[in-house]
$ cat model_0.pdb   # PDB, C-alpha atoms
ATOM      1  CA  MET J   1      34.305  10.523 -64.162
ATOM      2  CA  TYR J   2      30.678  10.201 -63.101
ATOM      3  CA  GLU J   3      29.201  11.960 -60.089
ATOM      4  CA  TYR J   4      25.867  11.874 -58.335
ATOM      5  CA  TRP J   5      24.084  15.111 -57.447
ATOM      6  CA  LEU J   6      22.255  15.277 -54.132
ATOM      7  CA  ILE J   7      19.827  18.159 -54.678
ATOM      8  CA  SER J   8      16.841  19.853 -53.089
ATOM      9  CA  ALA J   9      14.353  22.295 -54.600
ATOM     10  CA  PRO J  10      11.731  24.524 -52.983
ATOM     11  CA  GLY J  11       8.454  22.783 -52.329
ATOM     12  CA  GLU J  12       5.099  23.360 -53.967
ATOM     13  CA  LYS J  13       1.630  22.546 -52.719
ATOM     14  CA  SER J  14       2.682  18.894 -52.760
ATOM     15  CA  ALA J  15       6.042  17.117 -52.793
ATOM     16  CA  GLU J  16       4.957  15.175 -55.889
ATOM     17  CA  GLU J  17       4.401  18.413 -57.786
ATOM     18  CA  SER J  18       7.884  19.655 -56.907
ATOM     19  CA  PHE J  19       9.506  16.378 -57.870
ATOM     20  CA  ASN J  20       7.635  16.398 -61.189
ATOM     21  CA  ARG J  21       9.403  19.645 -62.068
ATOM     22  CA  ILE J  22      12.772  17.954 -61.479
ATOM     23  CA  ARG J  23      11.686  14.837 -63.337
ATOM     24  CA  ASN J  24      10.492  16.869 -66.335
ATOM     25  CA  ILE J  25      13.943  18.436 -66.590
ATOM     26  CA  LYS J  26      15.564  15.018 -66.300
ATOM     27  CA  GLU J  27      13.498  13.767 -69.240
ATOM     28  CA  ARG J  28      15.019  16.490 -71.444
ATOM     29  CA  VAL J  29      18.612  15.532 -70.576
ATOM     30  CA  GLU J  30      19.867  12.454 -72.407
ATOM     31  CA  GLY J  31      20.968   9.553 -70.185
ATOM     32  CA  CYS J  32      20.228  11.322 -66.883
ATOM     33  CA  LEU J  33      18.893   9.235 -63.988
ATOM     34  CA  CYS J  34      16.837  10.691 -61.151
ATOM     35  CA  PHE J  35      15.531   9.216 -57.886
ATOM     36  CA  ARG J  36      13.504  10.890 -55.165
ATOM     37  CA  PHE J  37      14.181  10.424 -51.469
ATOM     38  CA  ASN J  38      12.569  11.834 -48.346
ATOM     39  CA  PHE J  39      13.809  12.969 -44.939
ATOM     40  CA  PRO J  40      11.641  11.257 -42.291
ATOM     41  CA  MET J  41      11.198  13.794 -39.485
ATOM     42  CA  THR J  42       8.633  15.719 -37.484
ATOM     43  CA  GLU J  43       7.312  19.069 -38.636
ATOM     44  CA  LEU J  44       9.540  22.040 -37.787
ATOM     45  CA  ARG J  45       8.336  25.566 -37.254
ATOM     46  CA  VAL J  46       9.928  28.830 -36.161
ATOM     47  CA  GLY J  47      10.901  28.596 -32.513
ATOM     48  CA  THR J  48      11.247  24.811 -32.493
ATOM     49  CA  LEU J  49      14.796  24.477 -33.845
ATOM     50  CA  ASP J  50      15.978  23.017 -30.546
ATOM     51  CA  SER J  51      14.624  19.726 -31.834
ATOM     52  CA  LEU J  52      17.470  19.770 -34.381
ATOM     53  CA  GLN J  53      19.777  18.762 -31.507
ATOM     54  CA  SER J  54      19.158  15.184 -32.652
ATOM     55  CA  LEU J  55      20.984  16.054 -35.891
ATOM     56  CA  LYS J  56      24.030  17.123 -33.892
ATOM     57  CA  ASN J  57      23.903  13.883 -31.902
ATOM     58  CA  LEU J  58      23.690  11.913 -35.134
ATOM     59  CA  LEU J  59      26.647  13.797 -36.583
ATOM     60  CA  ASP J  60      28.682  13.233 -33.409
ATOM     61  CA  HIS J  61      27.897   9.510 -33.634
ATOM     62  CA  ILE J  62      29.009   9.397 -37.291
ATOM     63  CA  VAL J  63      32.235  11.249 -36.513
ATOM     64  CA  LYS J  64      32.965   8.862 -33.638
ATOM     65  CA  GLU J  65      32.358   5.771 -35.789
ATOM     66  CA  VAL J  66      34.542   7.063 -38.624
ATOM     67  CA  GLY J  67      37.240   8.000 -36.121
ATOM     68  CA  GLN J  68      37.294   4.426 -34.821
ATOM     69  CA  ILE J  69      37.577   3.095 -38.376
ATOM     70  CA  GLU J  70      40.437   5.492 -39.091
ATOM     71  CA  SER J  71      42.256   4.492 -35.906
ATOM     72  CA  GLU J  72      41.911   0.770 -36.644
ATOM     73  CA  LEU J  73      42.965   1.304 -40.251
ATOM     74  CA  LYS J  74      46.080   3.160 -39.135
ATOM     75  CA  THR J  75      47.058   0.347 -36.751
ATOM     76  CA  LYS J  76      46.384  -2.420 -39.281
ATOM     77  CA  SER J  77      48.190  -0.524 -42.044
ATOM     78  CA  GLN J  78      51.237   0.021 -39.860
ATOM     79  CA  ASP J  79      51.352  -3.671 -38.913
ATOM     80  CA  TYR J  80      51.012  -4.785 -42.522
ATOM     81  CA  SER J  81      53.569  -2.230 -43.766
ATOM     82  CA  ALA J  82      56.063  -3.262 -41.076
ATOM     83  CA  LEU J  83      55.734  -6.899 -42.117
ATOM     84  CA  GLN J  84      56.033  -5.995 -45.773
ATOM     85  CA  ASN J  85      59.149  -3.940 -45.050
ATOM     86  CA  SER J  86      60.658  -6.910 -43.185
ATOM     87  CA  ILE J  87      60.036  -9.158 -46.176
ATOM     88  CA  GLN J  88      61.470  -6.592 -48.580
ATOM     89  CA  SER J  89      64.536  -6.140 -46.375
ATOM     90  CA  TYR J  90      64.999  -9.892 -46.214
ATOM     91  CA  ASN J  91      64.567 -10.205 -49.982
ATOM     92  CA  ARG J  92      67.159  -7.492 -50.555
ATOM     93  CA  GLN J  93      69.604  -9.533 -48.506
ATOM     94  CA  GLN J  94      68.853 -12.527 -50.695
ATOM     95  CA  THR J  95      68.790 -10.804 -54.079
ATOM     96  CA  GLY J  96      70.963  -7.671 -53.810
ATOM     97  CA  SER J  97      74.540  -7.124 -54.859
ATOM     98  CA  LEU J  98      77.019  -9.890 -54.086
ATOM     99  CA  ILE J  99      78.908  -7.353 -51.998
ATOM    100  CA  THR J 100      76.119  -7.172 -49.420
ATOM    101  CA  ARG J 101      73.663 -10.018 -50.001
ATOM    102  CA  ASP J 102      73.395 -13.079 -47.791
ATOM    103  CA  LEU J 103      75.657 -15.858 -49.076
ATOM    104  CA  ASP J 104      73.875 -18.644 -47.196
ATOM    105  CA  GLY J 105      71.451 -19.193 -50.041
ATOM    106  CA  ILE J 106      74.214 -19.228 -52.681
ATOM    107  CA  ILE J 107      77.059 -21.293 -51.275
ATOM    108  CA  LYS J 108      75.916 -24.898 -51.061
ATOM    109  CA  LYS J 109      77.305 -27.813 -49.082
ATOM    110  CA  GLU J 110      78.967 -29.309 -52.183
ATOM    111  CA  HIS J 111      81.080 -26.156 -52.534
ATOM    112  CA  VAL J 112      82.631 -26.536 -49.072
ATOM    113  CA  GLN J 113      82.226 -30.207 -48.235
ATOM    114  CA  HIS J 114      85.918 -30.986 -48.759
ATOM    115  CA  VAL J 115      86.959 -28.629 -45.917
ATOM    116  CA  LEU J 116      84.091 -29.048 -43.440
ATOM    117  CA  ASP J 117      85.996 -31.474 -41.214
ATOM    118  CA  SER J 118      89.437 -30.062 -41.939
ATOM    119  CA  GLU J 119      91.534 -28.553 -39.177
ATOM    120  CA  TYR J 120      93.969 -26.884 -41.554
ATOM    121  CA  PHE J 121      92.051 -25.820 -44.628
ATOM    122  CA  THR J 122      89.206 -23.338 -45.165
ATOM    123  CA  ILE J 123      87.230 -21.673 -47.930
ATOM    124  CA  ALA J 124      87.521 -18.011 -48.887
ATOM    125  CA  ALA J 125      84.446 -16.474 -50.554
ATOM    126  CA  VAL J 126      85.820 -13.922 -53.007
ATOM    127  CA  ILE J 127      83.752 -11.314 -54.875
ATOM    128  CA  VAL J 128      85.461 -10.447 -58.158
ATOM    129  CA  PRO J 129      84.338  -7.571 -60.439
ATOM    130  CA  ASN J 130      83.354  -9.051 -63.792
ATOM    131  CA  ALA J 131      85.918  -6.866 -65.522
ATOM    132  CA  LEU J 132      88.659  -8.570 -63.447
ATOM    133  CA  VAL J 133      87.538 -12.186 -63.817
ATOM    134  CA  ASP J 134      90.347 -13.071 -66.261
ATOM    135  CA  GLU J 135      92.899 -11.500 -63.950
ATOM    136  CA  TRP J 136      91.533 -13.474 -60.993
ATOM    137  CA  LYS J 137      91.889 -16.749 -62.849
ATOM    138  CA  LYS J 138      95.494 -15.961 -63.719
ATOM    139  CA  CYS J 139      96.685 -14.677 -60.366
ATOM    140  CA  TYR J 140      94.718 -16.174 -57.467
ATOM    141  CA  GLU J 141      97.185 -19.051 -56.959
ATOM    142  CA  SER J 142     100.126 -16.656 -56.806
ATOM    143  CA  LEU J 143      98.585 -14.228 -54.325
ATOM    144  CA  LEU J 144     100.068 -16.407 -51.561
ATOM    145  CA  PRO J 145     102.357 -18.977 -53.190
ATOM    146  CA  GLU J 146     102.118 -22.468 -51.684
ATOM    147  CA  LYS J 147      99.347 -21.285 -49.335
ATOM    148  CA  VAL J 148      96.486 -21.483 -51.847
ATOM    149  CA  VAL J 149      95.440 -24.884 -53.185
ATOM    150  CA  PRO J 150      96.151 -24.933 -56.947
ATOM    151  CA  ARG J 151      93.125 -25.100 -59.264
ATOM    152  CA  SER J 152      90.751 -24.828 -56.273
ATOM    153  CA  SER J 153      88.889 -21.730 -57.501
ATOM    154  CA  GLN J 154      85.164 -22.496 -58.055
ATOM    155  CA  GLU J 155      82.808 -20.110 -59.793
ATOM    156  CA  ILE J 156      79.630 -20.261 -57.710
ATOM    157  CA  PHE J 157      77.443 -17.371 -58.815
ATOM    158  CA  SER J 158      77.524 -14.358 -61.114
ATOM    159  CA  ASP J 159      75.382 -11.260 -61.587
ATOM    160  CA  THR J 160      75.697  -8.223 -63.851
ATOM    161  CA  GLU J 161      78.542  -6.696 -61.829
ATOM    162  CA  HIS J 162      80.367  -9.389 -59.864
ATOM    163  CA  THR J 163      81.216 -13.068 -59.756
ATOM    164  CA  LEU J 164      81.489 -15.143 -56.582
ATOM    165  CA  TYR J 165      84.387 -17.599 -56.311
ATOM    166  CA  ALA J 166      85.251 -20.055 -53.554
ATOM    167  CA  VAL J 167      88.936 -20.847 -53.188
ATOM    168  CA  THR J 168      90.638 -23.310 -50.804
ATOM    169  CA  LEU J 169      93.645 -22.247 -48.716
ATOM    170  CA  PHE J 170      95.352 -22.837 -45.378
ATOM    171  CA  ALA J 171      93.124 -21.524 -42.611
ATOM    172  CA  ALA J 172      96.072 -19.804 -40.898
ATOM    173  CA  GLN J 173      96.673 -17.744 -44.057
ATOM    174  CA  PHE J 174      93.149 -16.370 -44.393
ATOM    175  CA  ALA J 175      93.952 -12.833 -43.157
ATOM    176  CA  PRO J 176      97.075 -12.372 -45.373
ATOM    177  CA  PHE J 177      95.139 -13.740 -48.360
ATOM    178  CA  LYS J 178      92.291 -11.293 -47.708
ATOM    179  CA  GLU J 179      94.775  -8.399 -47.680
ATOM    180  CA  LYS J 180      96.380  -9.546 -50.945
ATOM    181  CA  CYS J 181      92.936  -9.756 -52.552
ATOM    182  CA  ARG J 182      92.086  -6.247 -51.382
ATOM    183  CA  GLU J 183      95.210  -4.938 -53.119
ATOM    184  CA  ARG J 184      93.931  -6.459 -56.393
ATOM    185  CA  LYS J 185      90.392  -5.088 -55.835
ATOM    186  CA  PHE J 186      89.001  -8.506 -54.961
ATOM    187  CA  LEU J 187      86.653  -8.579 -51.957
ATOM    188  CA  VAL J 188      86.854 -11.481 -49.499
ATOM    189  CA  ARG J 189      83.559 -11.905 -47.642
ATOM    190  CA  SER J 190      83.539 -13.346 -44.129
ATOM    191  CA  TYR J 191      81.593 -16.578 -44.382
ATOM    192  CA  THR J 192      81.222 -19.823 -42.449
ATOM    193  CA  TYR J 193      79.029 -22.561 -43.800
ATOM    194  CA  ASN J 194      76.340 -23.604 -41.331
ATOM    195  CA  GLU J 195      73.668 -25.996 -42.477
ATOM    196  CA  GLU J 196      71.436 -25.128 -39.536
ATOM    197  CA  ILE J 197      71.538 -21.413 -40.379
ATOM    198  CA  GLN J 198      70.609 -22.160 -43.981
ATOM    199  CA  SER J 199      67.633 -24.174 -42.780
ATOM    200  CA  GLN J 200      66.603 -21.377 -40.407
ATOM    201  CA  THR J 201      66.893 -18.822 -43.198
ATOM    202  CA  LYS J 202      64.535 -20.769 -45.439
ATOM    203  CA  GLN J 203      62.135 -21.293 -42.545
ATOM    204  CA  LYS J 204      62.148 -17.586 -41.689
ATOM    205  CA  GLN J 205      61.386 -16.678 -45.279
ATOM    206  CA  LYS J 206      58.497 -19.130 -45.334
ATOM    207  CA  GLU J 207      57.117 -17.896 -42.008
ATOM    208  CA  LEU J 208      57.255 -14.239 -43.056
ATOM    209  CA  GLN J 209      55.381 -14.968 -46.259
ATOM    210  CA  GLN J 210      52.776 -17.058 -44.438
ATOM    211  CA  LYS J 211      52.280 -14.291 -41.894
ATOM    212  CA  LYS J 212      51.855 -11.721 -44.655
ATOM    213  CA  ASP J 213      49.358 -13.907 -46.500
ATOM    214  CA  LYS J 214      47.361 -14.407 -43.295
ATOM    215  CA  GLN J 215      47.313 -10.673 -42.547
ATOM    216  CA  TYR J 216      46.195  -9.948 -46.103
ATOM    217  CA  ARG J 217      43.385 -12.515 -45.925
ATOM    218  CA  ASN J 218      42.167 -10.912 -42.683
ATOM    219  CA  LEU J 219      42.707  -7.340 -43.834
ATOM    220  CA  LEU J 220      40.875  -7.542 -47.158
ATOM    221  CA  PRO J 221      37.410  -8.478 -45.785
ATOM    222  CA  TRP J 222      37.858  -5.943 -42.976
ATOM    223  CA  LEU J 223      38.604  -3.233 -45.550
ATOM    224  CA  LYS J 224      35.541  -4.166 -47.596
ATOM    225  CA  ILE J 225      33.276  -3.976 -44.546
ATOM    226  CA  GLN J 226      34.770  -0.748 -43.206
ATOM    227  CA  PHE J 227      34.708   0.886 -46.630
ATOM    228  CA  GLY J 228      30.971   0.248 -46.697
ATOM    229  CA  GLU J 229      30.616   1.737 -43.209
ATOM    230  CA  ALA J 230      32.730   4.797 -44.079
ATOM    231  CA  PHE J 231      30.921   5.306 -47.377
ATOM    232  CA  SER J 232      27.553   5.092 -45.614
ATOM    233  CA  ALA J 233      28.759   7.656 -43.056
ATOM    234  CA  TRP J 234      29.925   9.948 -45.864
ATOM    235  CA  ILE J 235      26.527   9.791 -47.580
ATOM    236  CA  HIS J 236      24.781  10.443 -44.246
ATOM    237  CA  VAL J 237      26.884  13.582 -43.761
ATOM    238  CA  LYS J 238      26.045  14.710 -47.305
ATOM    239  CA  ALA J 239      22.344  14.180 -46.565
ATOM    240  CA  LEU J 240      22.619  16.098 -43.282
ATOM    241  CA  ARG J 241      24.311  18.995 -45.057
ATOM    242  CA  LEU J 242      21.598  18.985 -47.718
ATOM    243  CA  PHE J 243      18.858  19.061 -45.085
ATOM    244  CA  VAL J 244      20.423  21.847 -43.020
ATOM    245  CA  GLU J 245      21.238  23.944 -46.094
ATOM    246  CA  SER J 246      17.704  23.439 -47.420
ATOM    247  CA  VAL J 247      16.161  24.583 -44.132
ATOM    248  CA  LEU J 248      18.417  27.653 -44.098
ATOM    249  CA  ARG J 249      17.755  28.388 -47.770
ATOM    250  CA  TYR J 250      13.994  27.784 -47.961
ATOM    251  CA  GLY J 251      13.025  28.590 -44.372
ATOM    252  CA  LEU J 252      10.347  27.195 -42.080
ATOM    253  CA  PRO J 253       8.080  25.358 -42.058
ATOM    254  CA  VAL J 254      10.132  22.745 -43.888
ATOM    255  CA  ASN J 255       8.942  22.521 -47.483
ATOM    256  CA  PHE J 256      11.354  21.136 -50.035
ATOM    257  CA  VAL J 257      11.813  18.033 -52.137
ATOM    258  CA  SER J 258      15.105  16.156 -52.383
ATOM    259  CA  ALA J 259      16.426  13.876 -55.108
ATOM    260  CA  VAL J 260      19.504  12.076 -56.373
ATOM    261  CA  MET J 261      20.532  12.719 -59.987
ATOM    262  CA  LEU J 262      23.142  10.977 -62.091
ATOM    263  CA  PRO J 263      23.845  12.933 -65.279
ATOM    264  CA  LYS J 264      26.422  12.095 -67.896
ATOM    265  CA  PRO J 265      29.528  14.307 -67.642
ATOM    266  CA  LYS J 266      28.817  15.916 -71.002
ATOM    267  CA  SER J 267      25.375  16.989 -69.682
ATOM    268  CA  PHE J 268      26.590  18.713 -66.479
ATOM    269  CA  LYS J 269      26.367  22.294 -67.764
ATOM    270  CA  LYS J 270      23.091  21.794 -69.607
ATOM    271  CA  LEU J 271      21.422  20.264 -66.563
ATOM    272  CA  ARG J 272      22.784  23.000 -64.259
ATOM    273  CA  ASP J 273      21.389  25.708 -66.489
ATOM    274  CA  MET J 274      17.984  24.041 -66.802
ATOM    275  CA  LEU J 275      17.649  23.524 -63.044
ATOM    276  CA  ASN J 276      18.757  27.102 -62.349
ATOM    277  CA  ARG J 277      16.166  28.529 -64.746
ATOM    278  CA  GLU J 278      13.432  26.241 -63.435
ATOM    279  CA  PHE J 279      13.812  27.214 -59.773
ATOM    280  CA  ASP J 280      15.192  30.754 -60.030
ATOM    281  CA  THR J 281      11.744  32.342 -59.958
ATOM    282  CA  SER J 282      10.814  30.332 -56.875
ATOM    283  CA  VAL J 283      13.624  31.905 -54.874
ATOM    284  CA  GLY J 284      13.804  35.238 -56.672
ATOM    285  CA  GLN J 285      16.320  37.791 -55.512
ATOM    286  CA  ARG J 286      17.476  35.476 -52.729
ATOM    287  CA  VAL J 287      19.814  33.511 -55.039
ATOM    288  CA  SER J 288      21.690  36.665 -55.980
ATOM    289  CA  GLU J 289      22.014  37.552 -52.302
ATOM    290  CA  ASP J 290      23.382  34.055 -51.554
ATOM    291  CA  VAL J 291      25.920  34.393 -54.358
ATOM    292  CA  GLU J 292      27.108  37.776 -53.110
ATOM    293  CA  MET J 293      27.387  36.414 -49.560
ATOM    294  CA  SER J 294      29.359  33.394 -50.802
ATOM    295  CA  LYS J 295      31.897  35.684 -52.468
ATOM    296  CA  GLN J 296      32.497  37.440 -49.146
ATOM    297  CA  PHE J 297      33.440  34.076 -47.618
ATOM    298  CA  GLY J 298      35.761  33.132 -50.479
ATOM    299  CA  PHE J 299      33.524  30.650 -52.315
ATOM    300  CA  GLN J 300      33.181  30.498 -56.084
ATOM    301  CA  ALA J 301      29.880  31.898 -57.318
ATOM    302  CA  GLU J 302      29.239  28.917 -59.594
ATOM    303  CA  GLU J 303      28.994  26.689 -56.507
ATOM    304  CA  PHE J 304      25.659  28.322 -55.625
ATOM    305  CA  TYR J 305      22.469  27.753 -57.583
ATOM    306  CA  SER J 306      18.759  28.423 -57.322
ATOM    307  CA  TYR J 307      18.517  24.982 -55.723
ATOM    308  CA  VAL J 308      20.713  23.219 -53.148
ATOM    309  CA  CYS J 309      23.232  20.752 -54.557
ATOM    310  CA  TYR J 310      25.965  18.576 -53.069
ATOM    311  CA  PRO J 311      27.949  16.475 -55.580
ATOM    312  CA  ILE J 312      29.025  12.947 -54.701
ATOM    313  CA  LYS J 313      32.111  12.200 -56.790
ATOM    314  CA  LEU J 314      32.782   8.504 -57.166
ATOM    315  CA  ASP J 315      36.215   8.712 -58.780
ATOM    316  CA  PHE J 316      37.428   5.835 -56.554
ATOM    317  CA  VAL J 317      35.038   3.227 -58.007
ATOM    318  CA  SER J 318      34.253   2.026 -61.508
ATOM    319  CA  THR J 319      30.989   3.355 -62.910
ATOM    320  CA  SER J 320      31.491   2.185 -66.484
ATOM    321  CA  ASN J 321      28.342   0.073 -66.356
ATOM    322  CA  ILE J 322      26.070   2.597 -64.626
ATOM    323  CA  LEU J 323      25.157   4.632 -67.693
ATOM    324  CA  LYS J 324      24.842   2.880 -71.055
TER     325      LYS J 324
END

$ encode --input "model_0.pdb" --output "structure tokens"
Amino acid sequence: MYEYWLISAPGEKSAEESFNRIRNIKERVEGCLCFRFNFPMTELRVGTLDSLQSLKNLLDHIVKEVGQIESELKTKSQDYSALQNSIQSYNRQQTGSLITRDLDGIIKKEHVQHVLDSEYFTIAAVIVPNALVDEWKKCYESLLPEKVVPRSSQEIFSDTEHTLYAVTLFAAQFAPFKEKCRERKFLVRSYTYNEEIQSQTKQKQKELQQKKDKQYRNLLPWLKIQFGEAFSAWIHVKALRLFVESVLRYGLPVNFVSAVMLPKPKSFKKLRDMLNREFDTSVGQRVSEDVEMSKQFGFQAEEFYSYVCYPIKLDFVSTSNILK
């Protein structure tokens, strides 16, 4: 994983001189990139820190903007997740176990056409465990003798556990037949063929998918834009922290140079050590005091150096082509 370092070092007589010290170190670390950047602001001196109120206003503005992005993201995510859950629930009804799934998409008109206009006959949709299929074929006619149409059993669908059969019988004998099936561990599902319902089911599935596709098409560009806004806000906060920490560390009047570094992971320790040695004499005993103070507040000592540093870890994006 690559990470950028946002650093500042104590100033010299000129900012260029200070940056040259950082750049000279960079040149001795293989594959390290380094860029200088400046904070455009008026000169600050002791007693004029009230002018830093603008930094607080800027931070409040950033927090407000990010809060709005977070709120919108939460709403959009909930809407998209709810739609996705509806589609998944619908798909489970269409693709789950024969015991619970919707039979409208399985039983076709040709399976029931011979009884659609009949006043006396009906179809029973029977779910048979695969282990009992042979038994079903042998006994279904005798479950209610002379009430079940001989050789009317039709195998309609089968999965890994069950097989769906449609059998024709007298409509008045449906309840007794269902009870007889239950005794043999055959499950009779309540089902009435309705061509209109089948058409509505297909239309609903199509509409749900179209709605999801539309939401996705709208959501993706919004996410790209808002990610850029959130990332920019994050970098601004990092820069603000670097500035404030540098003022507190190096004092007034403001005199420090800031830079962005991108070392290779294998060079992290080497670069840390070189920067620490380079700027340790500029700060002197103050670094040790900062380290001791950090321990009192529960921070790790290695997080504090003779220069100010805030890492920017980009583990959520690909940086494979940054350093080659």

$ closest_residue --input "model_0.pdb" --among "J:Gln113, J:Gln94, J:Gln78, J:Asn57" --to "Glu195 (chain J)" --atoms "only C-alpha atoms"
J:Gln113

$ resolve_selection --input "model_0.pdb" --expression "the PyMOL selection byres ((chain J and resi 39) around 12)" --output "PyMOL selection string"
chain J and resi 8+15+36-38+40-43+55+236+239-240+242-244+246-247+254-259

$ write_last_selection --input "model_0.pdb" --atoms "C-alpha atoms" --output "mmCIF file, in the frame of the given file"
data_model
loop_
_atom_site.group_PDB
_atom_site.id
_atom_site.type_symbol
_atom_site.label_atom_id
_atom_site.label_comp_id
_atom_site.auth_asym_id
_atom_site.auth_seq_id
_atom_site.Cartn_x
_atom_site.Cartn_y
_atom_site.Cartn_z
ATOM 1 C CA SER J 8 16.841 19.853 -53.089
ATOM 2 C CA ALA J 15 6.042 17.117 -52.793
ATOM 3 C CA ARG J 36 13.504 10.890 -55.165
ATOM 4 C CA PHE J 37 14.181 10.424 -51.469
ATOM 5 C CA ASN J 38 12.569 11.834 -48.346
ATOM 6 C CA PRO J 40 11.641 11.257 -42.291
ATOM 7 C CA MET J 41 11.198 13.794 -39.485
ATOM 8 C CA THR J 42 8.633 15.719 -37.484
ATOM 9 C CA GLU J 43 7.312 19.069 -38.636
ATOM 10 C CA LEU J 55 20.984 16.054 -35.891
ATOM 11 C CA HIS J 236 24.781 10.443 -44.246
ATOM 12 C CA ALA J 239 22.344 14.180 -46.565
ATOM 13 C CA LEU J 240 22.619 16.098 -43.282
ATOM 14 C CA LEU J 242 21.598 18.985 -47.718
ATOM 15 C CA PHE J 243 18.858 19.061 -45.085
ATOM 16 C CA VAL J 244 20.423 21.847 -43.020
ATOM 17 C CA SER J 246 17.704 23.439 -47.420
ATOM 18 C CA VAL J 247 16.161 24.583 -44.132
ATOM 19 C CA VAL J 254 10.132 22.745 -43.888
ATOM 20 C CA ASN J 255 8.942 22.521 -47.483
ATOM 21 C CA PHE J 256 11.354 21.136 -50.035
ATOM 22 C CA VAL J 257 11.813 18.033 -52.137
ATOM 23 C CA SER J 258 15.105 16.156 -52.383
ATOM 24 C CA ALA J 259 16.426 13.876 -55.108
#

$ residues_near_point --input "model_0.pdb" --point "(12.0, 27.3, -61.1)" --cutoff "12 Å" --atoms "all atoms listed in the file" --output "list in words"
Ser8, Ala9, Pro10, Gly11, Glu12, Ser18, Phe19, Asn20, Arg21, Ile22, Asn24, Ile25, Asp273, Met274, Leu275, Asn276, Arg277, Glu278, Phe279, Asp280, Thr281, Ser282, Val283, Gly284, Val287, Tyr305, Ser306 and Tyr307 of chain J

$ closest_residue --input "model_0.pdb" --among "J:Glu65, J:Asp79, J:Glu135, J:Glu141" --to "Arg184 (chain J)" --atoms "all atoms listed in the file"
J:Glu135

$ atom_distance --input "model_0.pdb" --atom1 "CA of Gly228 (chain J)" --atom2 "CA of Ala82 (chain J)"
26.0 Å

$ residues_near_point --input "model_0.pdb" --point "(31.6, 12.2, -66.2)" --cutoff "7 Å" --atoms "all atoms listed in the file" --output "number ranges by chain"
J: 1-3, 264-266

$ atom_distance --input "model_0.pdb" --atom1 "CA of Glu119 (chain J)" --atom2 "CA of Cys181 (chain J)"
23.1 Å

$ closest_residue --input "model_0.pdb" --among "J:Ile69, J:Val308, J:Leu103, J:Val128" --to "Ile197 (chain J)" --atoms "only C-alpha atoms"
J:Leu103

$ resolve_selection --input "model_0.pdb" --expression "the PyMOL selection byres ((chain J and resi 178) around 12)" --output "number ranges by chain"
J: 123-127, 140, 143-144, 148, 167, 169, 171-177, 179-190

$ resolve_selection --input "model_0.pdb" --expression "the PyMOL selection byres ((chain J and resi 153) around 9)" --output "PDB file with C-alpha atoms, keeping the file's coordinate frame"
ATOM      1  CA  LYS J 137      91.889 -16.749 -62.849  1.00  0.00           C
ATOM      2  CA  TYR J 140      94.718 -16.174 -57.467  1.00  0.00           C
ATOM      3  CA  GLU J 141      97.185 -19.051 -56.959  1.00  0.00           C
ATOM      4  CA  VAL J 149      95.440 -24.884 -53.185  1.00  0.00           C
ATOM      5  CA  PRO J 150      96.151 -24.933 -56.947  1.00  0.00           C
ATOM      6  CA  ARG J 151      93.125 -25.100 -59.264  1.00  0.00           C
ATOM      7  CA  SER J 152      90.751 -24.828 -56.273  1.00  0.00           C
ATOM      8  CA  GLN J 154      85.164 -22.496 -58.055  1.00  0.00           C
ATOM      9  CA  GLU J 155      82.808 -20.110 -59.793  1.00  0.00           C
ATOM     10  CA  TYR J 165      84.387 -17.599 -56.311  1.00  0.00           C
ATOM     11  CA  ALA J 166      85.251 -20.055 -53.554  1.00  0.00           C
ATOM     12  CA  VAL J 167      88.936 -20.847 -53.188  1.00  0.00           C
ATOM     13  CA  THR J 168      90.638 -23.310 -50.804  1.00  0.00           C
TER      14      THR J 168
END

$ closest_residue --input "model_0.pdb" --among "J:Leu73, J:Val133, J:Ile62, J:Leu116" --to "Ile225 (chain J)" --atoms "all atoms listed in the file"
J:Leu73

$ residues_around --input "model_0.pdb" --residues "Leu33 (chain J)" --least-positions-apart "4" --cutoff "10 Å" --atoms "only C-alpha atoms" --output "JSON, numbers by chain"
{"J": [4, 23, 26, 27, 29, 260, 261, 262, 263, 264, 322, 323]}

$ atom_distance --input "model_0.pdb" --atom1 "CA of Thr100 (chain J)" --atom2 "CA of Ser86 (chain J)"
16.7 Å
